[in-house]
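Visitor: Here it is: the structure, laid out below.
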Number of protein chains: 2
Amino acid sequence: MLPGLSDEQVRALRRVGRAWGRVSAPPEVWHRALPVEPDLGAFPARAEAGSAWFGRLVPLSPLRTRAAGGRRTVEPAGPAAVGTSGTGASRRVRRLLLGAPLASSAFVTERMRKLVALPVLSADALSSVAYGPEAMLAVLVLAGAAGLAYSFPVAAVIVFLMLAVGVSYRQTIRAYPHGGGSYIVAGDNLGPTAGLVAAAGLMTDYVLTVAVSIASGIAAITSALPGLTPWTVPLGVLVIVALLAGNLRGIRQAGALFAAPTYAFVIAMFALIGAGLVDAAGTGFQPVAPPVLPVTEAVGLLLITRAFSSGATAMTGIEAISNAVPAFRPVEWRNARTTLSWMVGLLIAMFAGIVGLIHLTGVVPRSQETVLSQLARLSFGGGWMYVYIQAATAAVLLLAANTAYNDFPRVLSLLARDDYAPKTFLRLGDRLAYSRSIVLLSLAAALVFIAFEGRTDALIPLYAVGVFLAFTLSQSGMVVHWWRRRDPHWRKSLVFNATGAVLSGLVLLTAGVSKFTSGAWVALIAVLLFLLVTTRIRSHYTAARAYLRLRPHAVELPARTGAGPLAPEIPAAGPPGRPGPASDRETEELPEEIHHLSVVAVATLDLAAMRTLAYAASLGQPVLTVHISTTEDEQRRFRAYWSLWGDHLPLQTVLSPYRAVVAPLVQYIETLHRLNPGLTLTVILPEIVTRQRRYQPLHSRTAGRLRRALRHLPKIVITTVPFHLP
Amino acid sequence: MLPGLSDEQVRALRRVGRAWGRVSAPPEVWHRALPVEPDLGAFPARAEAGSAWFGRLVPLSPLRTRAAGGRRTVEPAGPAAVGTSGTGASRRVRRLLLGAPLASSAFVTERMRKLVALPVLSADALSSVAYGPEAMLAVLVLAGAAGLAYSFPVAAVIVFLMLAVGVSYRQTIRAYPHGGGSYIVAGDNLGPTAGLVAAAGLMTDYVLTVAVSIASGIAAITSALPGLTPWTVPLGVLVIVALLAGNLRGIRQAGALFAAPTYAFVIAMFALIGAGLVDAAGTGFQPVAPPVLPVTEAVGLLLITRAFSSGATAMTGIEAISNAVPAFRPVEWRNARTTLSWMVGLLIAMFAGIVGLIHLTGVVPRSQETVLSQLARLSFGGGWMYVYIQAATAAVLLLAANTAYNDFPRVLSLLARDDYAPKTFLRLGDRLAYSRSIVLLSLAAALVFIAFEGRTDALIPLYAVGVFLAFTLSQSGMVVHWWRRRDPHWRKSLVFNATGAVLSGLVLLTAGVSKFTSGAWVALIAVLLFLLVTTRIRSHYTAARAYLRLRPHAVELPARTGAGPLAPEIPAAGPPGRPGPASDRETEELPEEIHHLSVVAVATLDLAAMRTLAYAASLGQPVLTVHISTTEDEQRRFRAYWSLWGDHLPLQTVLSPYRAVVAPLVQYIETLHRLNPGLTLTVILPEIVTRQRRYQPLHSRTAGRLRRALRHLPKIVITTVPFHLP
């Protein structure tokens with residue numbers, strides 16, 4: 001977070017420091033003058049997992065007092081003490097949904113056993129079996145029985161692709177034991193633009209993972225309960241809201257609860273395939289002929305490539321393990337590789353099994369019922385085994401959608417770290433979740449889901465492009481990596497990665513061309529827009545950083561007039577407008593360069609106003625009080641009160657006969673600044689704060705409005721002095 | 001705006017002033033010390049109308065410099081100079097819709113001639129003829145021809161009512177020459193609760209005036225162009241948006257342009273009635289029998305009273321002139337009375353004429369076409385005269401809707417003045433319009449319009465209750481007024497007002513009972529809710545004011561230690577935690593009671609941070625710098641930079657291993673406050689401000705977030721030091 005200083009900046013820092021030495025007291029004096037003991041202890045050390053059952057956070061006791069100090073005891077404030085004042089309805093809803101804010105808390109960092117890591121990290125990949133084969137068949141079926149005949153060869157190519165990409169990612173795991181996402185690998189080896197393109201692919205991938213997984217999960221439910229079909233869109237949005245709330249709360253990523261759906265799904269799939277094979281054995285493995293279908297397209301290269309790129313969506317999520325290597329128990333990379341191999345094995349077995357079963361049973365995609373549901377109904381009727389299969393499918397798809405909630409914020413925070421995205425995506429919310437990324441992902445996914453009415457088949461064409469864009473760049477990056485590094489066995493790894501890259505590139509090309517009109521063009525535009533926005537963000541950050549850099553500019557020091565070290569004397573009498581260098585550039589680096597005028601705006605003479613006046617006067621800088629009167633009578637009255645009080649501070653009343661208050665005040669301050677550009681004007685305002693939030697709108701928001709109106713003027717500082725109503 | 005001080009408060013003010021005298025320098029010193037000339041001139045005097053053609057605002061040159069000063073010239077900033085920095089899209093849309101913000105501008109206050117005042121102020125009342133008779137017939141027609149036979153007697157009662165209420169309001173005009181709205185008259189004479197109930201009636205009345213007028217105006221258009229019927233709701237919302245934008249800009253209320261539609265409508269109505277009578281004369285005034293109608297209800301008291309209260313909506317807007325007496329040329333009340341008589345005369349003539357014409361032509365209400373349109377088609381076919389009548393009707397209804405935009409904010413601002421509504425409704429926006437009230441009215445009207453799908457007949461039942469509630473209370477108030485005051489002729493006035501009150505009360509009762517189930521209950525609930533909310537708002541304001549009152553509490557003065565007058569010496573060395581009275585009550589009224597500690601939060605050592613440090617140090621109060629580090633390495637590095645700089649200010653680093661920045665900072669400051677409740681902590685933060693608004697989200701919003709998190713803690717002042725990127 002803290003950027004290093006260049007040599008030039010260090011020199012500038014030293015130089016400014018020496019100048020401060022001339023004007024300020026030595027450090028000992030400052031330190032002794034401090035009316036408090038600043039050291040209040042530190043946040044506790046890293047917390048261990050254990051007590052957290054469902055969440056990934058454990059509360060910590062806030063700021064421990066130093067044992068050595070001993071003079072006082074800090075009462076732990078308790079996790080609910082920060083920011084819980086106010087009882088507004090919005091706050092109550094927030095707390096209900098998200099839980100109390102955690103003032104001090106820690107991530108639980110768990111190391112996963114392979115048997116836990118497998119289901120947690122492969123939910124996304126394995127769940128793709130629920131829609132991948134169906135997406136492939138949905139294209140082939142357009143050519144009728146002639147098209148369906150191609151399902152075996154296309155599936156065989158996809159299986160080969162899975163194998164190649166799997167082996168390729170085994171190489172990545174070895175090379176990037178700290179986690180090698182596509183953005184990092186492509187950026188490291190192919191340059192920042194390639195990294196950005198990969199990131200663009202990933203981000204669309206994650207958004208679509210949420211949308212497709214939920215669409216497919218709801219299809220699993222509506223296949224079992226057709227009455228729910230009209231509610232597809234509201235149900236999907238409800239699921240997204242639930243994921244949003246859960247992730248803002250900070251859902252745990254790992255653990256038995258999250259392993260269950262994947263294992264249940266794997267068991268369900270193997271049961272289904274097993275039962276189907278037993279049935280087929282009874283008929284001597286004689287395939288049932290599919291029903292006669294209307295032929296709307298001829299078999300051709302375009303149809304087959306479209307089927308291929310649709311079926312290839314069954315590979316999405318295969319990269320998850322390579323991102324999460326550090327979450328494994330040691331030796332991390334070795335365990336991760338083994339788990340990856342298991343996953344690819346399971347994926348291939350399930351994919352091939354389902355495609356085979358479809359062939360044997362002659363099932364064809366239908367819009368009302370998923371292929372998996374049809375298969376399950378054929379084997380088990382409508383009994384509990386059927387319900388189990390549908391429930392397990394829906395559960396694993398929901399879990400797959402949830403994995404995007406872990407990955408999307410991670411990529412976005414990497415982009416933010418590298419200046420390609422707003423720094424706000426680096427910040428952790430109340431409950432230590434990347435709240436803004438989570439909200440962004442939910443919004444995008446909900447938008448896509450609603451726009452495509454939750455239909456899996458409509459979403460698939462967009463999906464493939466993003467996924468394979470990231471795959472191709474990541475694996476091409478690995479090729480360059482091996483070529484440059486030439487570690488032991490680099491040749492073998494390079495060949496594996498090159499195979500993966502070439503094959504992924506071919507899928508990308510096929511998907512891009514064959515589905516250009518049916519959605520891939522959206523992905524292209526999204527990537528271009530993403531590149532444009534991210535590079536502009538970065539160039540803004542670069543320019544801002546250059547401007548903010550410390551540099552040896554001329555420190556302008558007025559002739560020394562003060563008595564003691566930094567005793568801010570009341571400026572000597574003289575013609576008004578005396579202030580030193582009449583510059584409104586904000587480059588002051590020394591206390592002596594700053595010439596103060598505090599402007600206090602008061603409306604009435606009540607306790608809050610008196611306290612604000614006392615605050616301003618106690619700063620010991622020249623103070624000017626401004627009162628905006630709407631009538632001359634009011635002006636006279638205010639002046640009378642002022643002299644009753646004793647006329648202790650200079651007062652200026654401004655007459656605003658049209659009842660506006662903020663505009664004349666802003667204009668007065670602006671004019672004051674224009675006439676005295678060398679002065680730093682501190683505008684001090686009382687602000688009434690109510691205990692109950694619902695009463696806050698009853699009080700003036702002048703402070704906020706003035707802040708917005710004045711923030712674009714240089715050298716104007718805004719101070720609000722809150723006054724709390726009981 | 002400036003409340004007067006009670007004797008007790010004046011004594012408290014004097015006492016505090018004397019205490020200041022002990023600690024501060026005499027006024028001459030302060031005034032001489034001021035580095036600026038505070039008197040920048042005044043806003044110009046009241047502007048005259050003339051240049052403004054369509055708007056009710058004239059721009060003024062901002063802050064004139066004093067001619068006497070002569071030393072400098074203030075360049076007029078021009079109306080566009082304030083608040084126009086930033087080029088965000090939202091701002092551009094705002095400017096397009098609302099025009100440039102007017103930094104200095106004035107209301108044009110026009111005095112109206114009677115011939116201008118008549119159309120401007122009676123648009124609401126006269127336009128009611130477009131829906132009143134129809135609403136009456138729509139109820140009677142349910143009983144078929146037998147029901148329609150009652151249209152003459154019911155209309156006669158309504159005409160008598162118009163006469164009585166008109167005469168009654170003539171008395172109000174005389175008694176309240178400064179404008180006697182129902183809220184004021186009822187509140188003055190019957191007590192605040194009656195005033196609030198009248199206000200509740202008025203507010204619902206204004207919302208419904210907008211909704212009903214627009215619904216009826218669109219009905220006039222769709223009668224001519226039936227193809228637009230499915231677009232009723234979007235069209236209505238569009239009109240509301242146009243009214244919203246126009247009124248936020250500041251539409252002029254008076255002038256030739258606003259007189260035209262009413263005169264056009266009056267001419268149209270008389271042309272229609274005249275042509276109808278000529279036609280009828282041709283057939284010897286033999287009424288055409290209405291078509292045979294399905295009878296769904298028997299003629300009964302309930303039906304007739306319902307018809308009566310629906311027809312009485314033709315009287316809405318009759319009170320407008322009594323609100324606007326000061327807008328007339330002198331002698332105001334006499335001119336206003338004359339205009340009122342003209343208006344009532346026109347209203348009665350038009351109402352009676354239309355009812356008579358309906359009787360003669362046998363026209364019955366139909367859902368596809370308004371009665372007026374049917375009448376016009378009968379007399380003029382589809383020619384240009386028909387188009388003219390429909391256009392004039394639509395225009396006058398639109399103008400009637402616009403009058404609610406003048407009246408609603410006025411009532412709300414009166415409520416706000418009397419503490420019954422948030423004070424924000426007193427404030428004028430960028431363009432000197434009561435922007436918040438205008439937005440509120442538009443939202444409410446749009447909601448009602450959409451909920452009732454823009455159907456006039458569905459809106460009418462809600463309408464009558466609010467209107468007659470305000471009428472009844474206002475006229476009852478006048479009865480009390482005359483009884484108490486006993487001016488000359490009070491007996492006559494009392495009788496007229498009493499007649500009006502009794503009749504209005506009867507209509508209110510009939511409307512409330514006969515339409516209770518079809519919508520009047522909504523009005524009842526709205527009034528109760530309104531009473532509840534307004535009284536709670538008032539009690540909050542009362543409590544807040546009591547708490548903020550200056551009162552002679554014990555001023556706690558520490559022993560004097562300072563050297564010069566208010567020279568804020570660096571506190572004497574001593575054990576930390578020395579601060580004086582350890583109280584966190586915010587009752588300090590003297591500079592000496594305030595013990596400062598400035599806490600500067602810095603993230604990096606850049607130009608903005610250096611400037612913030614310089615600012616903090618130059619205040620001459622003890623400064624503590626806090627840095628939140630996310631890693632120990634970062635902590636070490638920051639400390640190293642700090643000593644490179646020269647360790648000029650005390651530094652405390654806080655380790656936050658989980659990357660959160662705001663939470664640990666808040667907690668640190670909170671703990672510091674809890675341990676040192678007597679100190680006033682000023683939290684000083686740098687804030688990066690970008691010139692282009694769209695880049696602002698790229699920079700940390702820590703200042704805003706800290707402000708929100710800390711605002712509920714006592715004695716913590718937040719200061720932001722803006723740093724502007726070029």
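Residue numbering restarts at 1 in every chain; chains get A, B, ... in the order shown in the structure tokens, and ligands count up from 1 in that same order.
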Show me, as a PyMOL selection string, the residues that have an atom within 10 Å of stretch 403-417 of chain A when counting only C-alpha atoms, minus same-chain residues fewer than 6 positions from it.
Guide: (chain A and resi 1+120-124+181-184+195-196+199-200+202-210+243-244+246-248+251-253+317+320+323-324+397+423-427+433-442+534+537-538) or (chain B and resi 698)
Visitor: Taking the DSSP secondary structure from the backbone, can you list the residues of stretch 152-192 of chain A that are alpha helix (DSSP H), as a ChimeraX atom specification?
Guide: /A:152-175,182-190,192
Visitor: Atoms to include: N, CA and C atoms. Write the selected residues as an mmCIF file, in the first residue's frame.
Guide:
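The resulting file, again_9.cif, is shown below:
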```
data_model
loop_
_atom_site.group_PDB
_atom_site.id
_atom_site.type_symbol
_atom_site.label_atom_id
_atom_site.label_comp_id
_atom_site.auth_asym_id
_atom_site.auth_seq_id
_atom_site.Cartn_x
_atom_site.Cartn_y
_atom_site.Cartn_z
ATOM 1 N N PHE A 152 -20.728 -37.794 -30.842
ATOM 2 C CA PHE A 152 -19.566 -38.520 -30.331
ATOM 3 C C PHE A 152 -18.245 -37.877 -30.748
ATOM 4 N N PRO A 153 -18.025 -37.619 -32.046
ATOM 5 C CA PRO A 153 -16.738 -36.988 -32.415
ATOM 6 C C PRO A 153 -16.516 -35.641 -31.725
ATOM 7 N N VAL A 154 -17.543 -34.805 -31.676
ATOM 8 C CA VAL A 154 -17.357 -33.485 -31.044
ATOM 9 C C VAL A 154 -17.006 -33.670 -29.582
ATOM 10 N N ALA A 155 -17.723 -34.571 -28.900
ATOM 11 C CA ALA A 155 -17.446 -34.812 -27.485
ATOM 12 C C ALA A 155 -16.029 -35.333 -27.308
ATOM 13 N N ALA A 156 -15.567 -36.171 -28.250
ATOM 14 C CA ALA A 156 -14.210 -36.721 -28.139
ATOM 15 C C ALA A 156 -13.186 -35.596 -28.219
ATOM 16 N N VAL A 157 -13.399 -34.646 -29.109
ATOM 17 C CA VAL A 157 -12.466 -33.525 -29.212
ATOM 18 C C VAL A 157 -12.470 -32.725 -27.897
ATOM 19 N N ILE A 158 -13.666 -32.529 -27.325
ATOM 20 C CA ILE A 158 -13.741 -31.767 -26.073
ATOM 21 C C ILE A 158 -12.998 -32.505 -24.956
ATOM 22 N N VAL A 159 -13.154 -33.812 -24.921
ATOM 23 C CA VAL A 159 -12.452 -34.581 -23.888
ATOM 24 C C VAL A 159 -10.938 -34.433 -24.063
ATOM 25 N N PHE A 160 -10.494 -34.499 -25.298
ATOM 26 C CA PHE A 160 -9.063 -34.324 -25.559
ATOM 27 C C PHE A 160 -8.605 -32.933 -25.094
ATOM 28 N N LEU A 161 -9.443 -31.953 -25.364
ATOM 29 C CA LEU A 161 -9.145 -30.574 -24.971
ATOM 30 C C LEU A 161 -9.039 -30.475 -23.450
ATOM 31 N N MET A 162 -9.965 -31.113 -22.760
ATOM 32 C CA MET A 162 -9.922 -31.100 -21.303
ATOM 33 C C MET A 162 -8.607 -31.660 -20.799
ATOM 34 N N LEU A 163 -8.203 -32.734 -21.390
ATOM 35 C CA LEU A 163 -6.967 -33.387 -21.004
ATOM 36 C C LEU A 163 -5.790 -32.446 -21.231
ATOM 37 N N ALA A 164 -5.741 -31.858 -22.432
ATOM 38 C CA ALA A 164 -4.619 -30.990 -22.786
ATOM 39 C C ALA A 164 -4.565 -29.777 -21.876
ATOM 40 N N VAL A 165 -5.716 -29.137 -21.649
ATOM 41 C CA VAL A 165 -5.730 -27.946 -20.812
ATOM 42 C C VAL A 165 -5.394 -28.319 -19.371
ATOM 43 N N GLY A 166 -5.888 -29.472 -18.937
ATOM 44 C CA GLY A 166 -5.577 -29.940 -17.587
ATOM 45 C C GLY A 166 -4.083 -30.117 -17.398
ATOM 46 N N VAL A 167 -3.462 -30.784 -18.341
ATOM 47 C CA VAL A 167 -2.014 -31.003 -18.252
ATOM 48 C C VAL A 167 -1.293 -29.665 -18.305
ATOM 49 N N SER A 168 -1.806 -28.771 -19.127
ATOM 50 C CA SER A 168 -1.191 -27.457 -19.257
ATOM 51 C C SER A 168 -1.245 -26.706 -17.923
ATOM 52 N N TYR A 169 -2.390 -26.770 -17.243
ATOM 53 C CA TYR A 169 -2.492 -26.059 -15.964
ATOM 54 C C TYR A 169 -1.634 -26.710 -14.882
ATOM 55 N N ARG A 170 -1.336 -28.019 -15.037
ATOM 56 C CA ARG A 170 -0.394 -28.640 -14.094
ATOM 57 C C ARG A 170 0.953 -27.922 -14.156
ATOM 58 N N GLN A 171 1.334 -27.485 -15.342
ATOM 59 C CA GLN A 171 2.601 -26.756 -15.480
ATOM 60 C C GLN A 171 2.514 -25.386 -14.783
ATOM 61 N N THR A 172 1.354 -24.734 -14.954
ATOM 62 C CA THR A 172 1.193 -23.412 -14.350
ATOM 63 C C THR A 172 1.320 -23.494 -12.826
ATOM 64 N N ILE A 173 0.732 -24.543 -12.263
ATOM 65 C CA ILE A 173 0.769 -24.689 -10.806
ATOM 66 C C ILE A 173 2.211 -24.783 -10.324
ATOM 67 N N ARG A 174 3.007 -25.545 -11.062
ATOM 68 C CA ARG A 174 4.410 -25.688 -10.656
ATOM 69 C C ARG A 174 5.142 -24.349 -10.755
ATOM 70 N N ALA A 175 4.833 -23.578 -11.813
ATOM 71 C CA ALA A 175 5.581 -22.339 -12.040
ATOM 72 C C ALA A 175 5.103 -21.202 -11.141
ATOM 73 N N SER A 182 -4.957 -16.028 -14.700
ATOM 74 C CA SER A 182 -4.658 -15.660 -16.078
ATOM 75 C C SER A 182 -4.114 -14.244 -16.168
ATOM 76 N N TYR A 183 -4.668 -13.336 -15.345
ATOM 77 C CA TYR A 183 -4.214 -11.943 -15.400
ATOM 78 C C TYR A 183 -2.741 -11.853 -15.054
ATOM 79 N N ILE A 184 -2.332 -12.552 -14.010
ATOM 80 C CA ILE A 184 -0.935 -12.480 -13.592
ATOM 81 C C ILE A 184 -0.028 -13.141 -14.614
ATOM 82 N N VAL A 185 -0.392 -14.354 -15.039
ATOM 83 C CA VAL A 185 0.487 -15.101 -15.947
ATOM 84 C C VAL A 185 0.614 -14.361 -17.282
ATOM 85 N N ALA A 186 -0.514 -13.918 -17.833
ATOM 86 C CA ALA A 186 -0.444 -13.228 -19.118
ATOM 87 C C ALA A 186 0.272 -11.899 -18.976
ATOM 88 N N GLY A 187 -0.019 -11.161 -17.894
ATOM 89 C CA GLY A 187 0.630 -9.874 -17.690
ATOM 90 C C GLY A 187 2.130 -10.021 -17.496
ATOM 91 N N ASP A 188 2.546 -11.016 -16.695
ATOM 92 C CA ASP A 188 3.967 -11.240 -16.432
ATOM 93 C C ASP A 188 4.736 -11.537 -17.704
ATOM 94 N N ASN A 189 4.159 -12.355 -18.569
ATOM 95 C CA ASN A 189 4.934 -12.907 -19.657
ATOM 96 C C ASN A 189 4.652 -12.289 -21.014
ATOM 97 N N LEU A 190 3.442 -11.763 -21.188
ATOM 98 C CA LEU A 190 3.093 -11.224 -22.508
ATOM 99 C C LEU A 190 2.936 -9.710 -22.478
ATOM 100 N N PRO A 192 1.573 -6.000 -20.225
ATOM 101 C CA PRO A 192 0.366 -5.553 -19.521
ATOM 102 C C PRO A 192 -0.907 -5.608 -20.359
#
```
Visitor: Report the distance between atom CA of A:Pro119 and atom CA of A:Gln390 in Å, rounded to one decimal place.
Guide: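 Pair atom CA of A:Pro119 / atom CA of A:Gln390 returns 18.0 Å.
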Visitor: What lies within 8 Å of stretch 260-266 of chain B using only C-alpha atoms, ignoring chain neighbours under 2 positions off, as a VMD selection string?
Guide: chain B and resid 119 to 120 122 to 123 126 to 127 256 to 258 268 to 270 389 392 to 393 395 to 396 399
Visitor: Can you work out the spacing between atom CA of A:Arg611 and atom CA of B:Glu588 in Å, to one decimal?
Guide: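 Answer for the atom CA of A:Arg611 to atom CA of B:Glu588 separation: 5.5 Å.
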Visitor: Could you give me, as an MDAnalysis selection string, the residues within 10 Å of A:Leu550, counting only C-alpha atoms and dropping anything in the same chain fewer than 3 positions from it?
Guide: (chainID A and resid 5:6 8:13 16 545:547 553 587 589) or (chainID B and resid 605:610)
Visitor: Smallest atom-to-atom distance to B:Gln692: which of B:Ile214, B:Trp482, B:Leu142, B:His724, using only C-alpha atoms?
Guide: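 Selected residue with least distance to B:Gln692: B:His724.
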Visitor: Just checking: using only C-alpha atoms, which residue out of A:Ser618, A:Thr682, A:Ser643, A:Thr305 ends up closest to chain B?
Guide: A:Ser618
Visitor: Neighbouring residues of B:Gly147 were defined as those with any atom within 7 Å, considering only C-alpha atoms; residues of the same chain fewer than 6 positions away were excluded. Please report them as a list in words.
Guide: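 Residues near the query, excluding close chain neighbours: Leu140, Val141 and Val299 of chain B.
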Visitor: Of the candidates B:Pro26, B:Gly227, B:Gly381, B:Pro290, which one gets nearest to chain A if we count only C-alpha atoms?
Guide: B:Pro26
Visitor: So the first atom is atom CA of A:Ser367 and the second is atom CA of A:Ala280; what is the distance between them in Å, to one decimal place?
Guide: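 Value for the atom CA of A:Ser367-atom CA of A:Ala280 distance: 25.5 Å.
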Visitor: If we count only C-alpha atoms and set the cut-off at 12 Å, which residues sit around A:Ala520, ignoring sequence neighbours fewer than 5 positions away in its own chain? Please answer as a ChimeraX atom specification.
Guide: /A:201,204,306,309-310,458-469,508-515,525-527
Visitor: With a distance cut-off of 10 Å and only C-alpha atoms, select the neighbouring residues of B:Ala352, excluding the residue or stretch itself and same-chain residues fewer than 2 positions from it, and output the selection as a ChimeraX atom specification.
Guide: /B:129,133,152,155-156,158-159,273,346-350,354-358
